[in-house]
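Student: As input, take target-v6.csv (CSV, N, CA and C atoms):
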```csv
chain,number,residue,atom,x,y,z
A,9,MET,N,117.3,74.5,27.6
A,9,MET,CA,116.1,74.8,28.3
A,9,MET,C,116.3,76.1,29.1
A,10,SER,N,115.3,77.0,29.0
A,10,SER,CA,115.4,78.3,29.7
A,10,SER,C,115.1,78.0,31.2
A,11,GLU,N,115.6,78.9,32.0
A,11,GLU,CA,115.4,78.8,33.4
A,11,GLU,C,114.0,79.1,33.8
A,12,GLN,N,113.4,78.2,34.5
A,12,GLN,CA,112.0,78.4,35.0
A,12,GLN,C,112.0,78.1,36.5
A,13,PHE,N,110.9,78.5,37.1
A,13,PHE,CA,110.8,78.3,38.6
A,13,PHE,C,110.3,76.8,38.8
A,14,ILE,N,111.0,76.1,39.5
A,14,ILE,CA,110.6,74.7,39.9
A,14,ILE,C,110.6,74.8,41.4
A,15,PRO,N,109.4,74.6,42.0
A,15,PRO,CA,109.3,74.7,43.4
A,15,PRO,C,109.9,73.5,44.1
A,16,SER,N,110.3,73.8,45.4
A,16,SER,CA,110.9,72.7,46.2
A,16,SER,C,109.9,71.6,46.4
A,17,PRO,N,110.3,70.3,46.3
A,17,PRO,CA,109.4,69.2,46.6
A,17,PRO,C,109.1,69.0,48.1
A,18,CYS,N,109.6,69.9,48.9
A,18,CYS,CA,109.4,69.7,50.4
A,18,CYS,C,107.9,69.8,50.7
A,19,ILE,N,107.5,68.8,51.6
A,19,ILE,CA,106.1,68.8,52.0
A,19,ILE,C,106.0,69.0,53.5
A,20,ARG,N,107.1,69.5,54.1
A,20,ARG,CA,107.2,69.8,55.6
A,20,ARG,C,107.0,68.6,56.5
A,21,LYS,N,107.4,67.4,56.0
A,21,LYS,CA,107.4,66.2,56.8
A,21,LYS,C,108.8,65.7,56.9
A,22,CYS,N,109.7,66.5,57.3
A,22,CYS,CA,111.1,66.2,57.3
A,22,CYS,C,111.6,65.2,58.3
A,23,GLY,N,112.5,64.4,57.9
A,23,GLY,CA,113.2,63.4,58.7
A,23,GLY,C,114.0,62.5,57.8
A,24,LEU,N,115.2,62.4,58.1
A,24,LEU,CA,116.1,61.6,57.3
A,24,LEU,C,116.1,60.1,57.7
A,25,ASP,N,116.1,59.2,56.8
A,25,ASP,CA,116.3,57.8,57.1
A,25,ASP,C,117.7,57.4,57.2
A,26,GLU,N,118.0,56.2,57.3
A,26,GLU,CA,119.4,55.7,57.5
A,26,GLU,C,120.3,56.0,56.3
A,27,ARG,N,119.7,56.3,55.1
A,27,ARG,CA,120.5,56.6,53.9
A,27,ARG,C,120.6,58.1,53.7
A,28,GLU,N,120.1,58.9,54.7
A,28,GLU,CA,120.1,60.3,54.6
A,28,GLU,C,119.2,60.8,53.5
A,29,VAL,N,118.0,60.1,53.3
A,29,VAL,CA,117.0,60.5,52.4
A,29,VAL,C,115.8,61.0,53.2
A,30,CYS,N,115.2,62.1,52.8
A,30,CYS,CA,114.1,62.7,53.6
A,30,CYS,C,112.9,61.7,53.4
A,31,ARG,N,112.2,61.4,54.5
A,31,ARG,CA,111.0,60.6,54.5
A,31,ARG,C,109.8,61.3,53.9
A,32,GLY,N,109.9,62.6,53.8
A,32,GLY,CA,108.8,63.4,53.2
A,32,GLY,C,108.9,63.7,51.7
A,33,CYS,N,110.0,64.2,51.3
A,33,CYS,CA,110.1,64.6,49.9
A,33,CYS,C,111.0,63.7,49.1
A,34,PHE,N,111.8,62.8,49.8
A,34,PHE,CA,112.6,61.8,49.2
A,34,PHE,C,113.9,62.4,48.5
A,35,ARG,N,114.3,63.6,49.0
A,35,ARG,CA,115.6,64.1,48.5
A,35,ARG,C,116.7,63.7,49.4
A,36,THR,N,117.9,63.6,48.9
A,36,THR,CA,119.0,63.3,49.8
A,36,THR,C,119.4,64.6,50.5
A,37,ILE,N,120.2,64.4,51.5
A,37,ILE,CA,120.6,65.6,52.3
A,37,ILE,C,121.4,66.6,51.4
A,38,ASP,N,122.2,66.0,50.4
A,38,ASP,CA,122.9,66.9,49.5
A,38,ASP,C,122.0,67.6,48.6
A,39,GLU,N,120.9,67.0,48.1
A,39,GLU,CA,120.0,67.6,47.2
A,39,GLU,C,119.2,68.7,48.0
A,40,ILE,N,118.9,68.5,49.2
A,40,ILE,CA,118.2,69.5,50.1
A,40,ILE,C,119.1,70.7,50.2
A,41,MET,N,120.4,70.5,50.5
A,41,MET,CA,121.3,71.6,50.8
A,41,MET,C,121.7,72.4,49.6
A,42,THR,N,121.6,71.8,48.4
A,42,THR,CA,122.0,72.5,47.2
A,42,THR,C,120.8,73.0,46.3
A,43,TRP,N,119.6,72.7,46.8
A,43,TRP,CA,118.4,73.0,46.0
A,43,TRP,C,118.4,74.4,45.5
A,44,GLU,N,118.6,75.4,46.4
A,44,GLU,CA,118.5,76.8,46.0
A,44,GLU,C,119.5,77.2,44.9
A,45,LYS,N,120.6,76.5,44.8
A,45,LYS,CA,121.6,76.9,43.8
A,45,LYS,C,121.5,76.1,42.5
A,46,MET,N,120.6,75.1,42.5
A,46,MET,CA,120.4,74.2,41.3
A,46,MET,C,119.8,75.0,40.1
A,47,LYS,N,120.2,74.6,38.9
A,47,LYS,CA,119.6,75.1,37.7
A,47,LYS,C,118.4,74.3,37.4
A,48,THR,N,117.5,74.7,36.5
A,48,THR,CA,116.3,74.1,36.2
A,48,THR,C,116.4,72.6,35.9
A,49,ASP,N,117.4,72.3,35.0
A,49,ASP,CA,117.6,70.9,34.6
A,49,ASP,C,117.9,70.0,35.8
A,50,ASP,N,118.8,70.5,36.7
A,50,ASP,CA,119.2,69.8,37.9
A,50,ASP,C,118.0,69.6,38.8
A,51,ARG,N,117.1,70.6,39.0
A,51,ARG,CA,115.9,70.5,39.8
A,51,ARG,C,115.0,69.4,39.2
A,52,LEU,N,114.8,69.5,37.9
A,52,LEU,CA,113.9,68.5,37.3
A,52,LEU,C,114.4,67.1,37.5
A,53,ALA,N,115.7,66.9,37.3
A,53,ALA,CA,116.4,65.6,37.5
A,53,ALA,C,116.2,65.2,39.0
A,54,THR,N,116.3,66.1,39.9
A,54,THR,CA,116.2,65.8,41.3
A,54,THR,C,114.7,65.3,41.6
A,55,VAL,N,113.8,66.0,41.1
A,55,VAL,CA,112.4,65.7,41.3
A,55,VAL,C,112.1,64.3,40.7
A,56,GLU,N,112.7,64.0,39.6
A,56,GLU,CA,112.5,62.6,39.0
A,56,GLU,C,113.1,61.6,39.9
A,57,ARG,N,114.3,61.8,40.4
A,57,ARG,CA,114.9,60.8,41.4
A,57,ARG,C,114.1,60.7,42.6
A,58,CYS,N,113.4,61.7,43.1
A,58,CYS,CA,112.5,61.6,44.2
A,58,CYS,C,111.4,60.7,43.9
A,59,ARG,N,110.8,60.9,42.8
A,59,ARG,CA,109.7,60.0,42.3
A,59,ARG,C,110.1,58.5,42.3
A,60,GLU,N,111.3,58.3,41.8
A,60,GLU,CA,111.8,56.9,41.8
A,60,GLU,C,112.0,56.4,43.2
A,61,ARG,N,112.6,57.2,44.0
A,61,ARG,CA,112.8,56.7,45.4
A,61,ARG,C,111.5,56.4,46.1
A,62,ARG,N,110.5,57.3,45.9
A,62,ARG,CA,109.2,57.1,46.5
A,62,ARG,C,108.6,55.8,46.0
A,63,ALA,N,108.7,55.5,44.7
A,63,ALA,CA,108.1,54.3,44.2
A,63,ALA,C,108.8,53.1,44.7
A,64,LYS,N,110.1,53.1,44.8
A,64,LYS,CA,110.9,52.0,45.4
A,64,LYS,C,110.5,51.7,46.8
A,65,ARG,N,110.3,52.8,47.6
A,65,ARG,CA,109.9,52.6,49.0
A,65,ARG,C,108.5,52.0,49.1
A,66,ALA,N,107.6,52.4,48.2
A,66,ALA,CA,106.2,51.9,48.2
A,66,ALA,C,106.2,50.5,47.8
A,67,ALA,N,107.1,50.1,46.9
A,67,ALA,CA,107.2,48.7,46.4
A,67,ALA,C,107.7,47.7,47.5
A,68,ARG,N,108.5,48.2,48.4
A,68,ARG,CA,109.0,47.4,49.5
A,68,ARG,C,108.0,47.1,50.5
A,69,ARG,N,106.9,47.9,50.6
A,69,ARG,CA,105.9,47.8,51.6
A,69,ARG,C,104.9,46.7,51.3
```
Could I get this structure in the form of structure tokens?
Tutor:
Amino acid sequence: MSEQFIPSPCIRKCGLDEREVCRGCFRTIDEIMTWEKMKTDDRLATVERCRERRAKRAARR
């Protein structure tokens, strides 16, 4: 896959939960800290994990 611009999933509602996952974008602290250096494939995988985390949290409510 060629490198393409994948914007940060940050929605400016930052705050980490007890698992160090952002309550706004659902990235882990490690994913937040390394976002700028990630390749396209890694960013896409991170965005998918964020979707999964968001869905799991919604299912618990």
Student: Which neighbours of A:Val55 fall inside 9 Å, counting only C-alpha atoms, when residues of the same chain fewer than 2 positions from it are skipped, and could you give them as a VMD selection string?
Tutor: chain A and resid 16 to 17 33 to 35 50 to 53 57 to 60
Student: Enter the distance from atom CA of A:Lys47 to atom CA of A:Arg65, in Å, rounded to one decimal.
Tutor: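 These atoms are spaced 27.0 Å apart.
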Student: Could you check how far atom CA of A:Thr48 sits from atom CA of A:Pro15, in Å to one decimal?
Tutor: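 Answer for the atom CA of A:Thr48 to atom CA of A:Pro15 separation: 10.1 Å.
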Student: For A:Thr36, work out the shell of residues within 12 Å, counting only C-alpha atoms and skipping chain neighbours fewer than 2 positions away, then give it as a PDB file with N, CA and C atoms, in the frame of the given file.
Tutor:
```
ATOM      1  N   PRO A  17     110.300  70.300  46.300  1.00  0.00           N
ATOM      2  CA  PRO A  17     109.400  69.200  46.600  1.00  0.00           C
ATOM      3  C   PRO A  17     109.100  69.000  48.100  1.00  0.00           C
ATOM      4  N   CYS A  18     109.600  69.900  48.900  1.00  0.00           N
ATOM      5  CA  CYS A  18     109.400  69.700  50.400  1.00  0.00           C
ATOM      6  C   CYS A  18     107.900  69.800  50.700  1.00  0.00           C
ATOM      7  N   CYS A  22     109.700  66.500  57.300  1.00  0.00           N
ATOM      8  CA  CYS A  22     111.100  66.200  57.300  1.00  0.00           C
ATOM      9  C   CYS A  22     111.600  65.200  58.300  1.00  0.00           C
ATOM     10  N   GLY A  23     112.500  64.400  57.900  1.00  0.00           N
ATOM     11  CA  GLY A  23     113.200  63.400  58.700  1.00  0.00           C
ATOM     12  C   GLY A  23     114.000  62.500  57.800  1.00  0.00           C
ATOM     13  N   LEU A  24     115.200  62.400  58.100  1.00  0.00           N
ATOM     14  CA  LEU A  24     116.100  61.600  57.300  1.00  0.00           C
ATOM     15  C   LEU A  24     116.100  60.100  57.700  1.00  0.00           C
ATOM     16  N   ASP A  25     116.100  59.200  56.800  1.00  0.00           N
ATOM     17  CA  ASP A  25     116.300  57.800  57.100  1.00  0.00           C
ATOM     18  C   ASP A  25     117.700  57.400  57.200  1.00  0.00           C
ATOM     19  N   GLU A  26     118.000  56.200  57.300  1.00  0.00           N
ATOM     20  CA  GLU A  26     119.400  55.700  57.500  1.00  0.00           C
ATOM     21  C   GLU A  26     120.300  56.000  56.300  1.00  0.00           C
ATOM     22  N   ARG A  27     119.700  56.300  55.100  1.00  0.00           N
ATOM     23  CA  ARG A  27     120.500  56.600  53.900  1.00  0.00           C
ATOM     24  C   ARG A  27     120.600  58.100  53.700  1.00  0.00           C
ATOM     25  N   GLU A  28     120.100  58.900  54.700  1.00  0.00           N
ATOM     26  CA  GLU A  28     120.100  60.300  54.600  1.00  0.00           C
ATOM     27  C   GLU A  28     119.200  60.800  53.500  1.00  0.00           C
ATOM     28  N   VAL A  29     118.000  60.100  53.300  1.00  0.00           N
ATOM     29  CA  VAL A  29     117.000  60.500  52.400  1.00  0.00           C
ATOM     30  C   VAL A  29     115.800  61.000  53.200  1.00  0.00           C
ATOM     31  N   CYS A  30     115.200  62.100  52.800  1.00  0.00           N
ATOM     32  CA  CYS A  30     114.100  62.700  53.600  1.00  0.00           C
ATOM     33  C   CYS A  30     112.900  61.700  53.400  1.00  0.00           C
ATOM     34  N   ARG A  31     112.200  61.400  54.500  1.00  0.00           N
ATOM     35  CA  ARG A  31     111.000  60.600  54.500  1.00  0.00           C
ATOM     36  C   ARG A  31     109.800  61.300  53.900  1.00  0.00           C
ATOM     37  N   GLY A  32     109.900  62.600  53.800  1.00  0.00           N
ATOM     38  CA  GLY A  32     108.800  63.400  53.200  1.00  0.00           C
ATOM     39  C   GLY A  32     108.900  63.700  51.700  1.00  0.00           C
ATOM     40  N   CYS A  33     110.000  64.200  51.300  1.00  0.00           N
ATOM     41  CA  CYS A  33     110.100  64.600  49.900  1.00  0.00           C
ATOM     42  C   CYS A  33     111.000  63.700  49.100  1.00  0.00           C
ATOM     43  N   PHE A  34     111.800  62.800  49.800  1.00  0.00           N
ATOM     44  CA  PHE A  34     112.600  61.800  49.200  1.00  0.00           C
ATOM     45  C   PHE A  34     113.900  62.400  48.500  1.00  0.00           C
ATOM     46  N   ASP A  38     122.200  66.000  50.400  1.00  0.00           N
ATOM     47  CA  ASP A  38     122.900  66.900  49.500  1.00  0.00           C
ATOM     48  C   ASP A  38     122.000  67.600  48.600  1.00  0.00           C
ATOM     49  N   GLU A  39     120.900  67.000  48.100  1.00  0.00           N
ATOM     50  CA  GLU A  39     120.000  67.600  47.200  1.00  0.00           C
ATOM     51  C   GLU A  39     119.200  68.700  48.000  1.00  0.00           C
ATOM     52  N   ILE A  40     118.900  68.500  49.200  1.00  0.00           N
ATOM     53  CA  ILE A  40     118.200  69.500  50.100  1.00  0.00           C
ATOM     54  C   ILE A  40     119.100  70.700  50.200  1.00  0.00           C
ATOM     55  N   MET A  41     120.400  70.500  50.500  1.00  0.00           N
ATOM     56  CA  MET A  41     121.300  71.600  50.800  1.00  0.00           C
ATOM     57  C   MET A  41     121.700  72.400  49.600  1.00  0.00           C
ATOM     58  N   THR A  42     121.600  71.800  48.400  1.00  0.00           N
ATOM     59  CA  THR A  42     122.000  72.500  47.200  1.00  0.00           C
ATOM     60  C   THR A  42     120.800  73.000  46.300  1.00  0.00           C
ATOM     61  N   TRP A  43     119.600  72.700  46.800  1.00  0.00           N
ATOM     62  CA  TRP A  43     118.400  73.000  46.000  1.00  0.00           C
ATOM     63  C   TRP A  43     118.400  74.400  45.500  1.00  0.00           C
ATOM     64  N   THR A  54     116.300  66.100  39.900  1.00  0.00           N
ATOM     65  CA  THR A  54     116.200  65.800  41.300  1.00  0.00           C
ATOM     66  C   THR A  54     114.700  65.300  41.600  1.00  0.00           C
ATOM     67  N   VAL A  55     113.800  66.000  41.100  1.00  0.00           N
ATOM     68  CA  VAL A  55     112.400  65.700  41.300  1.00  0.00           C
ATOM     69  C   VAL A  55     112.100  64.300  40.700  1.00  0.00           C
ATOM     70  N   ARG A  57     114.300  61.800  40.400  1.00  0.00           N
ATOM     71  CA  ARG A  57     114.900  60.800  41.400  1.00  0.00           C
ATOM     72  C   ARG A  57     114.100  60.700  42.600  1.00  0.00           C
ATOM     73  N   CYS A  58     113.400  61.700  43.100  1.00  0.00           N
ATOM     74  CA  CYS A  58     112.500  61.600  44.200  1.00  0.00           C
ATOM     75  C   CYS A  58     111.400  60.700  43.900  1.00  0.00           C
ATOM     76  N   ARG A  61     112.600  57.200  44.000  1.00  0.00           N
ATOM     77  CA  ARG A  61     112.800  56.700  45.400  1.00  0.00           C
ATOM     78  C   ARG A  61     111.500  56.400  46.100  1.00  0.00           C
TER      79      ARG A  61
END
```
Student: As an exercise, work out the distance from atom C of A:Asp49 to atom N of A:Gln12 in Å and give it to one decimal place.
Tutor: 9.4 Å
Student: For stretch 53-68 of chain A, take all atoms listed in the file, fit an axis-aligned box around them, add 8 Å to each of the six sides, then output centre and edge lengths in Å rounded to one decimal, as JSON.
Tutor:
```
{"center_x": 111.3, "center_y": 57.0, "center_z": 43.9, "size_x": 26.2, "size_y": 35.8, "size_z": 29.2}
```
